[in-house]
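Engineer: Can you read through this structure? Questions will come right after.
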Amino acid sequence: MYLEIVSPEATLFSSEVDSVVVPGVSGEFEMLKDHAPIVSILKEGTIRVKTHSQSHLEFDELHAAVVPHNDDNKVLTVKINSGTIEMKDNKLIILAD
């Protein structure tokens, strides 16, 4: 599935991923490939993204909010204050603040 994480300043992340865990207002939930279409509001917390590998990803100043997880080099984390997600046709867009 394809994931884009967009903030008001820039696109923080844009790549194919295996799964995404987000902080929903009623608790965390995970999305995998072929997840049913969904639109939801996110609360403050951490987005966890599982990737195939990180070799193609950029970790520069623009993408500083995306941090590799200490225990697993295939997991990335992004802290957010709030946000909105839309999942449709294996494309997940997260508008994060």
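Quick note on naming: the chains in the structure tokens go A, B, ... in the order shown, residues restart at 1 in each chain, and ligands are numbered from 1 in order of appearance.
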For A:Glu28, find every residue with an atom within 10 Å (counting only C-alpha atoms), except residues of its own chain fewer than 4 positions away, and show them as a ChimeraX atom specification.

Structural biologist: /A:21-24,42-43,45-47

Engineer: Atoms to include: N, CA and C atoms. Write the selected residues as a PDB file, in the first residue's frame.

Structural biologist:
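Written output follows (part.pdb):
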```
ATOM      1  N   VAL A  21       0.238   2.021  11.820  1.00  0.00           N
ATOM      2  CA  VAL A  21      -0.539   2.080  13.056  1.00  0.00           C
ATOM      3  C   VAL A  21      -0.686   3.556  13.409  1.00  0.00           C
ATOM      4  N   VAL A  22      -1.935   3.992  13.646  1.00  0.00           N
ATOM      5  CA  VAL A  22      -2.207   5.399  13.925  1.00  0.00           C
ATOM      6  C   VAL A  22      -2.967   5.564  15.241  1.00  0.00           C
ATOM      7  N   PRO A  23      -2.822   6.736  15.877  1.00  0.00           N
ATOM      8  CA  PRO A  23      -3.533   7.008  17.133  1.00  0.00           C
ATOM      9  C   PRO A  23      -4.935   7.577  16.870  1.00  0.00           C
ATOM     10  N   GLY A  24      -5.913   6.718  16.724  1.00  0.00           N
ATOM     11  CA  GLY A  24      -7.286   7.164  16.505  1.00  0.00           C
ATOM     12  C   GLY A  24      -7.896   7.732  17.779  1.00  0.00           C
ATOM     13  N   LEU A  42      -7.455  11.719  13.876  1.00  0.00           N
ATOM     14  CA  LEU A  42      -6.383  11.225  14.736  1.00  0.00           C
ATOM     15  C   LEU A  42      -6.174  12.177  15.903  1.00  0.00           C
ATOM     16  N   LYS A  43      -5.704  11.613  17.027  1.00  0.00           N
ATOM     17  CA  LYS A  43      -5.389  12.431  18.193  1.00  0.00           C
ATOM     18  C   LYS A  43      -3.867  12.468  18.353  1.00  0.00           C
ATOM     19  N   GLY A  45      -0.263  11.618  19.292  1.00  0.00           N
ATOM     20  CA  GLY A  45       0.371  10.322  19.483  1.00  0.00           C
ATOM     21  C   GLY A  45       1.438  10.075  18.445  1.00  0.00           C
ATOM     22  N   THR A  46       1.708   8.799  18.205  1.00  0.00           N
ATOM     23  CA  THR A  46       2.777   8.400  17.292  1.00  0.00           C
ATOM     24  C   THR A  46       2.241   7.502  16.194  1.00  0.00           C
ATOM     25  N   ILE A  47       2.579   7.843  14.965  1.00  0.00           N
ATOM     26  CA  ILE A  47       2.286   6.991  13.819  1.00  0.00           C
ATOM     27  C   ILE A  47       3.466   6.038  13.674  1.00  0.00           C
TER      28      ILE A  47
END
```

Engineer: Neighbours of A:Ser15 within 7 Å (only C-alpha atoms; same-chain residues fewer than 2 positions away dropped), as a list of chain:residue names?

Structural biologist: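 With the cut-off at 7 Å, the set is A:Tyr2, A:Leu3, A:Glu4, A:Phe13, A:Val17.
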
Engineer: Restricting it to N, CA and C atoms, dump the selection as a PDB file, in the first residue's frame.

Structural biologist:
```pdb
ATOM      1  N   TYR A   2       0.368   2.317  -0.497  1.00  0.00           N
ATOM      2  CA  TYR A   2       1.140   3.543  -0.621  1.00  0.00           C
ATOM      3  C   TYR A   2       0.716   4.516   0.480  1.00  0.00           C
ATOM      4  N   LEU A   3       1.693   5.129   1.143  1.00  0.00           N
ATOM      5  CA  LEU A   3       1.423   6.049   2.245  1.00  0.00           C
ATOM      6  C   LEU A   3       2.037   7.408   1.961  1.00  0.00           C
ATOM      7  N   GLU A   4       1.252   8.458   2.218  1.00  0.00           N
ATOM      8  CA  GLU A   4       1.750   9.825   2.212  1.00  0.00           C
ATOM      9  C   GLU A   4       1.404  10.442   3.559  1.00  0.00           C
ATOM     10  N   PHE A  13       6.554  12.126   4.311  1.00  0.00           N
ATOM     11  CA  PHE A  13       6.843  10.743   3.941  1.00  0.00           C
ATOM     12  C   PHE A  13       5.987  10.373   2.745  1.00  0.00           C
ATOM     13  N   VAL A  17       4.525   0.935   1.780  1.00  0.00           N
ATOM     14  CA  VAL A  17       4.726   0.437   3.147  1.00  0.00           C
ATOM     15  C   VAL A  17       3.983  -0.881   3.322  1.00  0.00           C
TER      16      VAL A  17
END
```

Engineer: Between A:Met1, A:Ser7, A:Asp18, A:Arg48, which is the closest to A:Met87 once you count only C-alpha atoms?

Structural biologist: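 Of the candidates, the smallest distance to A:Met87 is held by A:Met1.
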
Engineer: Please indicate the distance in Å from atom CA of A:Ser40 to atom CA of A:Gly83, rounded to one decimal place.

Structural biologist: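 These two atoms are separated by 8.6 Å.
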
Engineer: Could you tell me how far atom CA of A:Asn90 lies from atom CA of A:Lys33, in Å and to one decimal?

Structural biologist: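 That distance, rounded to one decimal, is 5.9 Å.
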
Engineer: From a backbone DSSP assignment, name each residue in chain A labelled strand (DSSP E or B), as a PDB file with C-alpha atoms, in the first residue's frame.

Structural biologist:
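Result file states24.pdb:
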```pdb
ATOM      1  CA  TYR A   2       1.140   3.543  -0.621  1.00  0.00           C
ATOM      2  CA  LEU A   3       1.423   6.049   2.245  1.00  0.00           C
ATOM      3  CA  GLU A   4       1.750   9.825   2.212  1.00  0.00           C
ATOM      4  CA  ILE A   5       2.165  11.815   5.421  1.00  0.00           C
ATOM      5  CA  VAL A   6       1.603  15.516   4.779  1.00  0.00           C
ATOM      6  CA  THR A  11       5.264  16.088   2.560  1.00  0.00           C
ATOM      7  CA  LEU A  12       7.043  14.243   5.378  1.00  0.00           C
ATOM      8  CA  PHE A  13       6.843  10.743   3.941  1.00  0.00           C
ATOM      9  CA  SER A  14       5.837   9.192   0.630  1.00  0.00           C
ATOM     10  CA  SER A  15       6.512   5.509  -0.089  1.00  0.00           C
ATOM     11  CA  GLU A  16       5.195   1.969  -0.335  1.00  0.00           C
ATOM     12  CA  SER A  19       1.476  -1.475   7.526  1.00  0.00           C
ATOM     13  CA  VAL A  20       0.599   1.702   9.433  1.00  0.00           C
ATOM     14  CA  VAL A  21      -0.539   2.080  13.056  1.00  0.00           C
ATOM     15  CA  VAL A  22      -2.207   5.399  13.925  1.00  0.00           C
ATOM     16  CA  PRO A  23      -3.533   7.008  17.133  1.00  0.00           C
ATOM     17  CA  GLY A  24      -7.286   7.164  16.505  1.00  0.00           C
ATOM     18  CA  GLY A  27      -7.626   4.053  20.306  1.00  0.00           C
ATOM     19  CA  GLU A  28      -4.826   2.880  18.054  1.00  0.00           C
ATOM     20  CA  PHE A  29      -5.650   0.967  14.904  1.00  0.00           C
ATOM     21  CA  GLU A  30      -3.623  -0.650  12.154  1.00  0.00           C
ATOM     22  CA  MET A  31      -4.116  -0.637   8.408  1.00  0.00           C
ATOM     23  CA  LEU A  32      -2.722  -3.236   6.029  1.00  0.00           C
ATOM     24  CA  ILE A  38     -11.931   4.709   5.867  1.00  0.00           C
ATOM     25  CA  VAL A  39     -11.821   8.351   6.899  1.00  0.00           C
ATOM     26  CA  SER A  40     -10.932   9.085  10.513  1.00  0.00           C
ATOM     27  CA  ILE A  41      -9.656  11.740  12.888  1.00  0.00           C
ATOM     28  CA  LEU A  42      -6.383  11.225  14.736  1.00  0.00           C
ATOM     29  CA  GLY A  45       0.371  10.322  19.483  1.00  0.00           C
ATOM     30  CA  THR A  46       2.777   8.400  17.292  1.00  0.00           C
ATOM     31  CA  ILE A  47       2.286   6.991  13.819  1.00  0.00           C
ATOM     32  CA  ARG A  48       4.245   3.750  13.320  1.00  0.00           C
ATOM     33  CA  VAL A  49       5.084   2.782   9.738  1.00  0.00           C
ATOM     34  CA  LYS A  50       6.474  -0.638   8.808  1.00  0.00           C
ATOM     35  CA  VAL A  66      10.262  10.783  10.453  1.00  0.00           C
ATOM     36  CA  VAL A  67      12.487   8.834  12.868  1.00  0.00           C
ATOM     37  CA  PRO A  68      13.715   5.231  12.538  1.00  0.00           C
ATOM     38  CA  VAL A  75       9.808   0.688  11.574  1.00  0.00           C
ATOM     39  CA  LEU A  76       9.573   4.475  11.307  1.00  0.00           C
ATOM     40  CA  THR A  77       7.784   6.750  13.766  1.00  0.00           C
ATOM     41  CA  VAL A  78       6.216  10.182  13.369  1.00  0.00           C
ATOM     42  CA  LYS A  79       4.852  12.134  16.348  1.00  0.00           C
ATOM     43  CA  ILE A  80       1.707  14.159  15.658  1.00  0.00           C
ATOM     44  CA  GLY A  83      -4.625  14.720  12.056  1.00  0.00           C
ATOM     45  CA  THR A  84      -6.980  13.152   9.565  1.00  0.00           C
ATOM     46  CA  ILE A  85      -6.555  10.001   7.500  1.00  0.00           C
ATOM     47  CA  GLU A  86      -8.147   8.663   4.357  1.00  0.00           C
ATOM     48  CA  MET A  87      -7.609   5.121   3.089  1.00  0.00           C
ATOM     49  CA  LYS A  88      -8.933   4.198  -0.342  1.00  0.00           C
ATOM     50  CA  LYS A  91      -3.518   4.591  -0.823  1.00  0.00           C
ATOM     51  CA  LEU A  92      -3.384   6.081   2.661  1.00  0.00           C
ATOM     52  CA  ILE A  93      -3.073   9.837   3.097  1.00  0.00           C
ATOM     53  CA  ILE A  94      -2.411  11.294   6.539  1.00  0.00           C
ATOM     54  CA  LEU A  95      -2.824  15.036   7.023  1.00  0.00           C
ATOM     55  CA  ALA A  96      -0.837  15.618  10.202  1.00  0.00           C
TER      56      ALA A  96
END
```
